[in-house]
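Notes for the one structure printed next.
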Amino acid sequence: MKLTIVINGMGGVGKDTLCRFAAERYKTENISSITPIKELAAVCGWQGEKTDRARKFLSDLKALTAEYNDYPINYLLARYREFLSSDAELLFVHIREPGEIEKFVRKTDGGAITLLIRGGARFSRSAYGNASDDGVEDYPYDFVFVNDRPLDETREAFLSFLDGIVSERGN
């Protein structure tokens, strides 16, 4: 079984935590389109901060490299090809921008499905002031998971939700 899931959601809704839960049940890899951008940003002086200003810097830098030579997507496609030849079962691909999600899904010949994570009331922030974070809802996702339970209940709820996707879409 191999399943590639583009996972998205506003910052802080628990995407990484949910991916860790998935790794308890499935052999999982977790990659992000921002990883190579963070490496470039570090050369420019970014020190890992998660302020609105830093998030905008990363978003703008990613947009520039995507426009120039599809750097983020090419990075993801190389990792996707590695996944296909590995023994891993699930590949979570973190992409924020709807256009980049569409591009990745298209370049995998539809080999990826999409999942939006929404937060409940505790995740009330709706804007960060940058195109990457603020456009998260602007894509027609295949699946949506609402992360609105206490953490101990979230694990089982997400794993049950994921099992349903795997049985429906896993190949």
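Every chain in the structure tokens takes a letter, A first, then B, and so on in the order presented; its residues are numbered from 1, and the ligands are numbered from 1 following the presented order.
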**Request:** Mind checking which residues fall within 9 Å of A:Tyr80, counting only C-alpha atoms, ignoring those fewer than 6 positions away in the same chain, and posting them as a PyMOL selection string?
**Result:** chain A and resi 4+91+93+108
C-alpha atoms of the current selection, written as a PDB file, in the first residue's frame:
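Produced file part_0.pdb, reproduced below:
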```pdb
ATOM      1  CA  THR A   4       0.496  10.217  -0.836  1.00  0.00           C
ATOM      2  CA  LEU A  91       3.813  10.152   2.419  1.00  0.00           C
ATOM      3  CA  VAL A  93       3.387  16.373   1.728  1.00  0.00           C
ATOM      4  CA  THR A 108       2.109  13.069  -9.766  1.00  0.00           C
TER       5      THR A 108
END
```
**Request:** Could you find all residues in stretch 40-127 of chain A that DSSP calls alpha helix (DSSP H) from the backbone, and write them as a VMD selection string?
**Result:** chain A and resid 40 to 43 52 to 69 71 to 84 98 to 107
**Message:** Applying 9 Å and only C-alpha atoms, which residues near A:Tyr141 remain after dropping the ones on its own chain fewer than 4 positions away? List them as JSON, numbers by chain.
**Reply:** {"A": [113, 114, 115, 116, 137]}
I want to know what sits within 8 Å of stretch 47-64 of chain A, based on only C-alpha atoms, with residues of the same chain fewer than 6 positions away left out; could you give that as a short mmCIF file (atom, residue, chain, number, x, y, z; two decimals) with C-alpha atoms, in the first residue's frame?
```cif
data_model
loop_
_atom_site.label_atom_id
_atom_site.label_comp_id
_atom_site.auth_asym_id
_atom_site.auth_seq_id
_atom_site.Cartn_x
_atom_site.Cartn_y
_atom_site.Cartn_z
CA ILE A 34 9.06 24.92 2.76
CA ILE A 37 13.12 27.48 1.28
CA LYS A 38 14.10 27.51 4.96
CA ALA A 41 16.29 31.75 4.10
CA PRO A 72 9.79 23.79 -4.23
CA TYR A 128 -1.31 35.80 8.92
CA GLY A 129 -0.76 38.49 6.31
CA ASN A 130 0.95 36.37 3.67
CA ALA A 131 -0.29 34.57 0.58
CA SER A 132 0.85 31.11 1.70
#
```
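The closest residue to A:Tyr26, picked from A:Pro140, A:Asp163, A:Ile7, A:His94 and counting only C-alpha atoms, is A:Asp163.
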